[in-house]
Structures are given as structure tokens and as C-alpha cells.
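**Q** One file: target.txt (compact mmCIF, C-alpha atoms (C1' of nucleotides)).
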```txt
# COMPACT_ATOMS: atom_id res chain seq x y z
CA MET A 17 98.76 76.74 108.79
CA ILE A 18 98.14 77.38 105.11
CA TYR A 19 100.61 76.40 102.42
CA PHE A 20 100.45 78.27 99.15
CA LYS A 21 103.01 78.92 96.43
CA ASN A 22 105.95 77.73 98.49
CA SER A 23 105.11 79.96 101.43
CA GLU A 24 103.30 79.26 104.62
CA TYR A 25 100.77 81.48 106.29
CA GLN A 26 99.44 81.48 109.76
CA CYS A 27 95.93 82.34 108.65
CA SER A 28 93.91 83.46 105.66
CA MET A 29 94.32 87.08 106.61
CA GLU A 30 98.06 86.80 106.27
CA LEU A 31 97.65 85.25 102.84
CA THR A 32 95.23 87.95 101.77
CA LEU A 33 97.69 90.61 102.81
CA GLU A 34 100.37 88.92 100.76
CA LEU A 35 98.12 89.30 97.73
CA ILE A 36 96.84 92.83 98.16
CA GLY A 37 98.90 94.24 101.03
CA GLY A 38 101.62 95.66 98.83
CA LYS A 39 102.27 99.34 99.21
CA TRP A 40 100.07 100.40 96.29
CA LYS A 41 98.14 97.29 95.35
CA SER A 42 94.78 98.06 96.89
CA LEU A 43 94.90 101.52 95.40
CA ILE A 44 95.66 100.15 91.94
CA LEU A 45 92.82 97.63 92.17
CA TRP A 46 90.53 100.39 93.38
CA TYR A 47 91.33 102.75 90.56
CA LEU A 48 91.04 100.03 87.97
CA GLY A 49 87.62 99.06 89.25
CA GLU A 50 85.40 98.13 86.34
CA ASN A 51 87.53 100.11 83.91
CA THR A 52 90.17 99.23 81.40
CA LEU A 53 93.06 101.65 81.66
CA ARG A 54 96.26 102.18 79.79
CA PHE A 55 99.49 102.28 81.69
CA SER A 56 99.78 106.02 81.26
CA GLU A 57 96.23 106.57 82.50
CA LEU A 58 96.95 104.54 85.58
CA LYS A 59 100.15 106.48 86.10
CA LYS A 60 98.28 109.76 85.87
CA ALA A 61 95.64 108.54 88.31
CA LEU A 62 98.35 107.63 90.82
CA PRO A 63 100.86 110.46 90.65
CA LYS A 64 102.56 109.45 93.90
CA VAL A 65 103.61 106.10 92.47
CA THR A 66 106.72 106.02 90.33
CA GLN A 67 106.71 104.22 87.03
CA LYS A 68 108.99 101.56 88.38
CA MET A 69 106.77 100.84 91.35
CA LEU A 70 103.62 100.86 89.27
CA THR A 71 105.09 98.35 86.82
CA GLN A 72 106.33 96.16 89.63
CA GLN A 73 103.07 96.11 91.55
CA LEU A 74 101.09 95.47 88.36
CA ARG A 75 103.31 92.49 87.58
CA GLU A 76 102.69 91.01 90.99
CA LEU A 77 98.96 91.57 90.71
CA GLU A 78 99.10 89.88 87.33
CA GLN A 79 101.00 86.90 88.77
CA SER A 80 98.34 86.61 91.44
CA GLY A 81 95.64 86.52 88.79
CA LEU A 82 93.93 89.70 89.91
CA VAL A 83 94.82 91.87 86.94
CA ASN A 84 94.75 91.30 83.19
CA ARG A 85 97.44 92.76 80.98
CA TYR A 86 96.66 93.14 77.31
CA ILE A 87 99.42 94.19 74.95
CA TYR A 88 98.72 95.75 71.57
CA THR A 89 101.69 94.84 69.41
CA GLN A 90 102.21 98.17 67.77
CA ILE A 91 104.56 101.11 67.83
CA PRO A 92 104.31 103.07 69.98
CA PRO A 93 103.26 100.35 72.42
CA LYS A 94 99.87 100.28 74.06
CA VAL A 95 99.12 98.20 77.11
CA GLU A 96 95.78 97.97 78.84
CA TYR A 97 95.06 96.78 82.33
CA SER A 98 91.81 95.54 83.80
CA LEU A 99 90.65 93.40 86.69
CA THR A 100 90.11 89.68 86.33
CA PRO A 101 86.95 88.16 87.80
CA ALA A 102 88.95 87.41 90.94
CA GLY A 103 90.05 91.03 91.08
CA LYS A 104 86.53 92.29 90.57
CA SER A 105 85.28 90.06 93.34
CA LEU A 106 87.34 92.20 95.65
CA LEU A 107 85.67 95.46 94.67
CA PRO A 108 82.72 95.26 97.07
CA ILE A 109 85.14 94.84 99.95
CA LEU A 110 87.28 97.74 98.77
CA THR A 111 84.13 99.85 98.55
CA SER A 112 83.34 98.96 102.16
CA LEU A 113 86.84 99.96 103.20
CA CYS A 114 86.48 103.25 101.41
CA GLU A 115 83.15 103.96 103.07
CA TRP A 116 84.62 103.02 106.42
CA GLY A 117 87.38 105.56 105.90
CA GLN A 118 84.83 108.24 105.11
CA ASN A 119 82.84 107.49 108.22
CA TYR A 120 86.02 107.57 110.24
CA VAL A 121 86.94 111.03 109.00
CA ASN A 122 83.45 112.37 109.48
CA GLU A 123 83.37 111.17 113.07
CA ILE A 124 86.82 112.43 113.97
CA GLU A 125 86.52 115.70 112.08
CA PRO A 126 82.84 116.46 111.49
CA SER A 127 83.79 119.87 110.13
CA GLY A 128 85.46 118.38 107.08
CA GLN A 129 84.18 118.72 103.55
CA PRO A 130 81.72 116.05 102.46
CA THR A 131 83.51 113.16 100.83
CA ALA A 132 82.20 110.69 98.33
CA CYS A 133 83.79 107.47 97.26
CA GLN A 134 82.71 107.43 93.67
CA ALA A 135 83.32 111.14 93.22
CA ASP A 136 86.94 110.51 94.12
CA LYS A 137 87.38 108.25 91.18
CA GLN A 138 85.50 110.39 88.71
CA LEU A 139 88.03 113.11 89.26
CA VAL A 140 90.57 111.13 87.36
CA SER A 141 88.55 109.31 84.74
CA PRO A 142 87.37 112.12 82.50
CA LYS A 143 90.10 113.04 80.06
CA MET B 28 91.21 115.94 97.76
CA ILE B 29 90.85 115.12 101.45
CA TYR B 30 92.74 116.95 104.15
CA PHE B 31 93.24 115.16 107.43
CA LYS B 32 95.82 115.52 110.16
CA ASN B 33 98.16 117.71 108.14
CA SER B 34 98.22 115.33 105.21
CA GLU B 35 96.31 115.31 101.99
CA TYR B 36 94.82 112.30 100.31
CA GLN B 37 93.60 111.83 96.82
CA CYS B 38 90.66 109.72 97.90
CA SER B 39 89.18 107.92 100.87
CA MET B 40 90.92 104.71 99.95
CA GLU B 41 94.28 106.37 100.32
CA LEU B 42 93.27 107.65 103.74
CA THR B 43 92.02 104.25 104.80
CA LEU B 44 95.32 102.68 103.78
CA GLU B 45 97.14 105.26 105.86
CA LEU B 46 95.15 104.07 108.88
CA ILE B 47 95.29 100.32 108.44
CA GLY B 48 97.75 99.76 105.60
CA GLY B 49 100.81 99.49 107.82
CA LYS B 50 102.77 96.30 107.45
CA TRP B 51 101.11 94.50 110.36
CA LYS B 52 98.14 96.65 111.28
CA SER B 53 95.33 94.67 109.70
CA LEU B 54 96.74 91.52 111.20
CA ILE B 55 96.89 93.07 114.66
CA LEU B 56 93.31 94.34 114.39
CA TRP B 57 92.23 90.94 113.16
CA TYR B 58 93.86 89.03 116.01
CA LEU B 59 92.54 91.44 118.58
CA GLY B 60 89.01 91.06 117.29
CA GLU B 61 86.58 91.11 120.17
CA ASN B 62 89.28 90.08 122.63
CA THR B 63 91.36 91.89 125.16
CA LEU B 64 94.94 90.72 124.92
CA ARG B 65 98.10 91.45 126.83
CA PHE B 66 101.16 92.55 124.94
CA SER B 67 102.82 89.19 125.39
CA GLU B 68 99.75 87.35 124.13
CA LEU B 69 99.68 89.48 121.03
CA LYS B 70 103.38 88.90 120.56
CA LYS B 71 102.87 85.16 120.78
CA ALA B 72 100.00 85.29 118.31
CA LEU B 73 102.19 87.15 115.82
CA PRO B 74 105.57 85.46 116.03
CA LYS B 75 106.80 87.02 112.80
CA VAL B 76 106.49 90.52 114.21
CA THR B 77 109.34 91.78 116.36
CA GLN B 78 108.63 93.48 119.65
CA LYS B 79 109.76 96.80 118.28
CA MET B 80 107.43 96.62 115.30
CA LEU B 81 104.53 95.41 117.39
CA THR B 82 104.93 98.28 119.82
CA GLN B 83 105.26 100.78 117.01
CA GLN B 84 102.23 99.59 115.08
CA LEU B 85 100.14 99.45 118.24
CA ARG B 86 101.08 103.05 119.05
CA GLU B 87 99.96 104.18 115.64
CA LEU B 88 96.72 102.26 115.88
CA GLU B 89 96.19 103.88 119.25
CA GLN B 90 96.83 107.35 117.84
CA SER B 91 94.29 106.62 115.14
CA GLY B 92 91.73 105.70 117.77
CA LEU B 93 91.35 102.11 116.64
CA VAL B 94 92.97 100.42 119.63
CA ASN B 95 92.67 100.92 123.38
CA ARG B 96 95.69 100.59 125.61
CA TYR B 97 95.09 99.96 129.26
CA ILE B 98 98.02 100.02 131.66
CA TYR B 99 97.91 98.34 135.03
CA THR B 100 100.30 100.30 137.22
CA GLN B 101 102.03 97.42 138.87
CA ILE B 102 105.32 95.58 138.87
CA PRO B 103 105.83 93.65 136.70
CA PRO B 104 103.84 95.79 134.26
CA LYS B 105 100.71 94.57 132.59
CA VAL B 106 99.25 96.20 129.52
CA GLU B 107 96.10 95.15 127.76
CA TYR B 108 95.00 95.98 124.25
CA SER B 109 91.53 95.91 122.76
CA LEU B 110 89.66 97.44 119.85
CA THR B 111 87.77 100.70 120.20
CA PRO B 112 84.27 100.91 118.68
CA ALA B 113 85.88 102.37 115.55
CA GLY B 114 88.27 99.43 115.44
CA LYS B 115 85.47 96.94 115.93
CA SER B 116 83.49 98.54 113.13
CA LEU B 117 86.23 97.32 110.83
CA LEU B 118 85.91 93.67 111.82
CA PRO B 119 83.11 92.74 109.38
CA ILE B 120 85.24 94.05 106.52
CA LEU B 121 88.29 92.16 107.73
CA THR B 122 86.18 89.03 107.93
CA SER B 123 85.16 89.55 104.30
CA LEU B 124 88.79 89.96 103.31
CA CYS B 125 89.68 86.77 105.09
CA GLU B 126 86.88 84.86 103.38
CA TRP B 127 87.92 86.30 100.05
CA GLY B 128 91.42 84.98 100.62
CA GLN B 129 90.06 81.53 101.36
CA ASN B 130 87.97 81.48 98.21
CA TYR B 131 90.97 82.62 96.24
CA VAL B 132 93.11 79.76 97.49
CA ASN B 133 90.39 77.19 96.97
CA GLU B 134 89.89 78.29 93.40
CA ILE B 135 93.57 78.42 92.53
CA GLU B 136 94.50 75.29 94.40
CA PRO B 137 91.39 73.17 94.93
CA SER B 138 93.56 70.38 96.31
CA GLY B 139 94.47 72.36 99.39
CA GLN B 140 93.42 71.57 102.91
CA PRO B 141 90.11 73.10 103.97
CA THR B 142 90.68 76.43 105.67
CA ALA B 143 88.50 78.22 108.14
CA CYS B 144 88.76 81.79 109.24
CA GLN B 145 87.72 81.33 112.80
CA ALA B 146 89.71 78.16 113.22
CA ASP B 147 92.83 80.11 112.36
CA LYS B 148 92.33 82.34 115.31
CA GLN B 149 91.45 79.62 117.74
CA LEU B 150 94.84 78.10 117.17
CA VAL B 151 96.42 80.91 119.10
CA SER B 152 93.87 81.70 121.76
CA PRO B 153 94.00 78.58 123.94
CA LYS B 154 96.86 78.71 126.47
C1' DC C 12 106.63 92.39 131.70
C1' DG C 13 106.51 95.74 128.50
C1' DG C 14 108.63 98.55 126.99
C1' DT C 15 112.65 102.41 125.20
C1' DA C 16 117.34 103.55 123.17
C1' DT C 17 121.11 102.57 120.00
C1' DC C 18 123.37 100.92 116.38
C1' DC C 19 123.48 99.28 111.88
C1' DC C 20 122.39 96.72 107.70
C1' DC C 21 120.21 95.72 103.51
C1' DA C 22 115.89 95.74 100.96
C1' DT C 23 112.82 98.82 99.07
C1' DT C 24 112.37 102.72 96.49
C1' DG C 25 113.78 106.73 93.74
C1' DA C 26 116.33 108.90 89.91
C1' DT C 27 118.19 108.63 85.64
C1' DA C 28 119.29 106.77 81.31
C1' DC C 29 118.36 103.80 77.64
C1' DT C 30 115.25 100.84 74.23
C1' DG C 31 111.83 98.10 71.19
C1' DC D 25 104.40 104.56 75.07
C1' DA D 26 105.66 101.35 78.15
C1' DG D 27 108.66 99.64 79.71
C1' DT D 28 113.89 97.60 81.39
C1' DA D 29 118.62 98.46 83.51
C1' DT D 30 121.62 100.47 86.58
C1' DC D 31 123.14 102.90 90.40
C1' DA D 32 122.43 105.52 94.54
C1' DA D 33 120.20 106.70 98.78
C1' DT D 34 116.93 106.35 102.53
C1' DG D 35 114.72 104.58 106.07
C1' DG D 36 112.28 100.42 107.60
C1' DG D 37 113.23 97.05 110.44
C1' DG D 38 116.41 93.59 113.07
C1' DA D 39 119.55 92.77 117.03
C1' DT D 40 120.98 93.91 121.30
C1' DA D 41 121.16 96.17 125.65
C1' DC D 42 119.08 98.45 129.25
C1' DC D 43 115.14 100.37 132.34
C1' DG D 44 110.77 101.37 135.41
```
Rewrite the coordinates I just gave you, this time as C-alpha cells.
**A**
Amino acid sequence: MIYFKNSEYQCSMELTLELIGGKWKSLILWYLGENTLRFSELKKALPKVTQKMLTQQLRELEQSGLVNRYIYTQIPPKVEYSLTPAGKSLLPILTSLCEWGQNYVNEIEPSGQPTACQADKQLVSPK
Amino acid sequence: MIYFKNSEYQCSMELTLELIGGKWKSLILWYLGENTLRFSELKKALPKVTQKMLTQQLRELEQSGLVNRYIYTQIPPKVEYSLTPAGKSLLPILTSLCEWGQNYVNEIEPSGQPTACQADKQLVSPK
DNA sequence: CGGTATCCCCATTGATACTG
DNA sequence: CAGTATCAATGGGGATACCG
């Protein structure tokens, strides 16, 4: 049994899922990657996530120390998000997961269009 | 954009999360590991999951081709679950996630008790 | 034992409006 | 622009009962 932040977990996997198992968390971490993105950029990259949800999940990731939040005190406001070292340390694993998903699709449906992990992300980064 | 099973996904990560992002799916895959477990054993290993949820998540994992379900036609019934090759191919990544979680805890709370991934699982396997 | 089938609640999420 | 605040709705998930 693991005790952490007033909760108990049966195993490390359960704890890990508490940190990144939220509905959109892995996806947010993945799209942040090595980049620094403004809130609106993140919102555009994740159109299926509502503003409310995005804010909420970002706050939790921030509490967990996986995401940095930098506020420019100006009007109109500007807020930038990036991964902390702890967050970045997760990226290799997320890459593996992504590749696993690609292999899965290719084996189930070999007819499908070729997919590429990095290409996915580049679709959203250029202005 | 990736099309798969009548749904469209923005990237491979989104697809992967569809497969294993369910509330308990990663945990189920993790506890199955290389083992073959009966429904009741799985239920005991995951006390926080209700029978309904466990059944439901297992069905979805089965549909996705990650879990085998073998039914002994006898009374009382006996059903055994195990990972398919596709499911097992995920285990190294789950192990990495687990280890990442341990490192995270140790860095945030160095005072904590030593944790071990494998030890976690052994707690539930003996009788 | 390993499930369905029902009922039902409340937590998560969405939609909308407002603000520094 | 990047949020909060509020209210409303939906469906995820719990509890219970029953079945092959």
C-alpha cells in the first residue's frame, strides 16, 4: 500500500493513473511535449476539450508538478504552459504508447493510411 | 486524422487512449500481466472496481483484442482471462509507467516507504 | 460462479454569461 | 485572452435482484 497526499493506492500503477489518468491529461502532456504553448493554442490543438475542462485538467497537472504555468501580467492576459522536468520525463513513455497505438491499427487494419506520431503533432503546431 | 472503427481520431495518442484509457483498463491489463486469472481472482485483486464495471471493461478490452476470455462450460461457471499477444505487447510500457510513478513519489516525498512494482502485484497473487 | 437486468442518483461535463 | 461562476443535463457508475 502506498500513501501519498492523503490518499492510499494499492500499487504504483494506481498512483500513476491518478496523476495522468484524467480524461484529457495524457493528451495535454503529449501536445505540450517540448513546446511552450499559450492557452488558446492548446485549446485549438484540442478542439474536443471545452475551455472549462482544459483549465481544470491543466490546474491538476500543475498541482502534480507536471506542468508549468507562466502568467504575463498584461492586458489582454497571456498565459503559457510547458512541461516541468517531471512532465518531460514522461514523454518517452507517451511516445511508446503512441507507437503502440499505430502498430495496433496497422495490424488490425493493414489497409489504413500510414500514420506517423510526429506528423500528428506537426499538424497543429504551424500557425 | 485517423479513421478506425467508425470513429475518427486526431492522432495516435487519442486512439490509444480510446483503447486503454478507460477508467480501469490499464489497471486490469497490469494485473493480468502474464497470468491467467479467473473473474473472481481479478475482482479480488481490484476491490475498488464493482462487478459491473469489471465485466464492462473486460468486454471492451476483449472487443479491442487485448484480452482473451475463455469459458469453461460447467456449473458453476468458470471464466478465465488472459492477455492476447497485443495485450502483452503493452506490458513493457505499463512497467515503465509504473516505474515512473515510483520515481515521482520518491522525488516528491523522499521520506516515503520504498515501493516496488513487482512487489505490489505479489501482494494479491498468493491465495 | 459469473454474469445480466433494472433502477436511480449524483458527479462530471457542457453551455452560457460575466470579468480583470 | 484567459479565465471564473452558475446552472442545467447526461450518463457513468453504484446497489440490488435475479439467472444459467
**Q** Check every residue of chain B for an atom within 7 Å of chain A, counting all atoms listed in the file, and provide those that qualify as a list in words.
**A** Cys38, Ser39, Met40, Glu41, Leu42, Thr43, Leu54, Ile120, Ser123, Leu124, Cys125, Gly128, Gln129, Cys144 and Asp147 of chain B
**Q** Which chain D residues are at most 12 Å from chain B (counting only C-alpha atoms (C1' of nucleotides)), as a PDB file with C-alpha atoms (C1' of nucleotides), in the frame of the given file?
**A**
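New file out.pdb:
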```
ATOM      1  C1'  DG D  36     112.280 100.420 107.600  1.00  0.00           C
ATOM      2  C1'  DG D  37     113.230  97.050 110.440  1.00  0.00           C
ATOM      3  C1'  DG D  38     116.410  93.590 113.070  1.00  0.00           C
ATOM      4  C1'  DA D  39     119.550  92.770 117.030  1.00  0.00           C
ATOM      5  C1'  DT D  40     120.980  93.910 121.300  1.00  0.00           C
ATOM      6  C1'  DG D  44     110.770 101.370 135.410  1.00  0.00           C
TER       7       DG D  44
END
```
**Q** Enter the distance from C1' of DT34 (chain D) to C1' of DT24 (chain C), in Å, rounded to one decimal.
**A**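 Interatomic distance here is 8.4 Å.
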**Q** Mind listing as a list in words all residues within 7 Å of (88.9, 94.2, 124.9), counting only C-alpha atoms (C1' of nucleotides)?
**A**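 Returned residue set, sorted by chain then number, is Glu61, Asn62, Thr63, Leu64, Tyr108, Ser109 and Leu110 of chain B.
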**Q** Report as CSV: every residue of chain C with an atom at most 12 Å from chain A, its closest pair of atoms, and their distance in Å to one decimal, counting all atoms listed in the file, with rows sorted by chain and ascending residue number.
**A**
```
residue,atom,partner,partner_atom,distance
C:DT23,C1',A:Met69,CA,10.0
C:DT24,C1',A:Met69,CA,7.8
C:DG25,C1',A:Thr66,CA,7.9
C:DA26,C1',A:Thr66,CA,10.0
C:DT27,C1',A:Lys68,CA,11.9
C:DT30,C1',A:Pro92,CA,11.9
C:DG31,C1',A:Ile91,CA,8.6
```
**Q** CA of Leu48 (chain A) to CA of Ser34 (chain B): how many Å, to one decimal?
**A** 24.1 Å
**Q** What are the centre and the three edge lengths of an axis-aligned box that wraps all atoms of region 71-77 of chain A in the file, given that 8 Å is added to every side, written as lines of an AutoDock Vina configuration file and rounded to one decimal in Å?
**A**
```
center_x = 102.6
center_y = 94.7
center_z = 89.2
size_x = 23.4
size_y = 23.3
size_z = 20.7
```
**Q** If we count all atoms listed in the file, what is near DT30 (chain D) at a cut-off of 10 Å, once residues fewer than 2 positions away on the same chain are taken out, given as number ranges by chain?
**A** C: 27-28; D: 28, 32
**Q** Could you please take those selected residues and save C-alpha atoms (C1' of nucleotides) as an mmCIF file, keeping the file's coordinate frame?
**A**
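File written: out_6.cif
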```
data_model
loop_
_atom_site.group_PDB
_atom_site.id
_atom_site.type_symbol
_atom_site.label_atom_id
_atom_site.label_comp_id
_atom_site.auth_asym_id
_atom_site.auth_seq_id
_atom_site.Cartn_x
_atom_site.Cartn_y
_atom_site.Cartn_z
ATOM 1 C "C1'" DT C 27 118.190 108.630 85.640
ATOM 2 C "C1'" DA C 28 119.290 106.770 81.310
ATOM 3 C "C1'" DT D 28 113.890 97.600 81.390
ATOM 4 C "C1'" DA D 32 122.430 105.520 94.540
#
```
**Q** Rounded to one decimal in Å, what is the spacing between C1' of DA29 (chain D) and CA of Asn84 (chain A)?
**A** 24.9 Å
**Q** Which polymer residues have any atom within 12 Å of an atom of DC25 (chain D), counting only C-alpha atoms (C1' of nucleotides), with same-chain residues fewer than 2 positions away left out, as a ChimeraX atom specification?
**A** /A:54-57,59,87-96 /C:30-31 /D:27
**Q** Place N, CA, C and O atoms on region 41-56 of chain A and deliver the coordinates as a CSV table (one decimal), keeping the file's coordinate frame.
**A**
```csv
chain,number,residue,atom,x,y,z
A,41,LYS,N,99.0,98.2,96.1
A,41,LYS,CA,98.1,97.3,95.4
A,41,LYS,C,96.7,97.6,95.5
A,41,LYS,O,95.9,97.6,94.5
A,42,SER,N,96.2,97.8,96.7
A,42,SER,CA,94.8,98.1,96.9
A,42,SER,C,94.4,99.3,96.1
A,42,SER,O,93.3,99.3,95.5
A,43,LEU,N,95.2,100.3,96.1
A,43,LEU,CA,94.9,101.5,95.4
A,43,LEU,C,94.8,101.3,93.9
A,43,LEU,O,93.9,101.8,93.2
A,44,ILE,N,95.7,100.5,93.4
A,44,ILE,CA,95.7,100.2,91.9
A,44,ILE,C,94.4,99.4,91.6
A,44,ILE,O,93.7,99.7,90.6
A,45,LEU,N,94.0,98.4,92.4
A,45,LEU,CA,92.8,97.6,92.2
A,45,LEU,C,91.6,98.6,92.2
A,45,LEU,O,90.7,98.5,91.4
A,46,TRP,N,91.6,99.5,93.2
A,46,TRP,CA,90.5,100.4,93.4
A,46,TRP,C,90.3,101.3,92.2
A,46,TRP,O,89.2,101.5,91.7
A,47,TYR,N,91.4,101.8,91.7
A,47,TYR,CA,91.3,102.8,90.6
A,47,TYR,C,91.0,102.0,89.3
A,47,TYR,O,90.4,102.6,88.4
A,48,LEU,N,91.4,100.8,89.2
A,48,LEU,CA,91.0,100.0,88.0
A,48,LEU,C,89.5,99.8,88.0
A,48,LEU,O,88.8,100.1,87.0
A,49,GLY,N,89.1,99.3,89.1
A,49,GLY,CA,87.6,99.1,89.2
A,49,GLY,C,87.1,98.3,88.1
A,49,GLY,O,87.6,97.2,87.7
A,50,GLU,N,86.0,98.8,87.5
A,50,GLU,CA,85.4,98.1,86.3
A,50,GLU,C,86.0,98.6,85.0
A,50,GLU,O,85.6,98.2,83.9
A,51,ASN,N,87.0,99.5,85.1
A,51,ASN,CA,87.5,100.1,83.9
A,51,ASN,C,88.7,99.3,83.3
A,51,ASN,O,89.2,98.4,83.9
A,52,THR,N,89.0,99.7,82.1
A,52,THR,CA,90.2,99.2,81.4
A,52,THR,C,91.0,100.5,81.2
A,52,THR,O,90.6,101.4,80.6
A,53,LEU,N,92.2,100.5,81.7
A,53,LEU,CA,93.1,101.6,81.7
A,53,LEU,C,94.4,101.3,81.0
A,53,LEU,O,95.0,100.3,81.3
A,54,ARG,N,94.9,102.3,80.3
A,54,ARG,CA,96.3,102.2,79.8
A,54,ARG,C,97.2,102.5,80.9
A,54,ARG,O,96.9,103.1,81.9
A,55,PHE,N,98.5,102.0,80.7
A,55,PHE,CA,99.5,102.3,81.7
A,55,PHE,C,99.6,103.8,82.0
A,55,PHE,O,99.6,104.1,83.2
A,56,SER,N,99.6,104.6,81.0
A,56,SER,CA,99.8,106.0,81.3
A,56,SER,C,98.6,106.6,82.0
A,56,SER,O,98.8,107.6,82.8
```
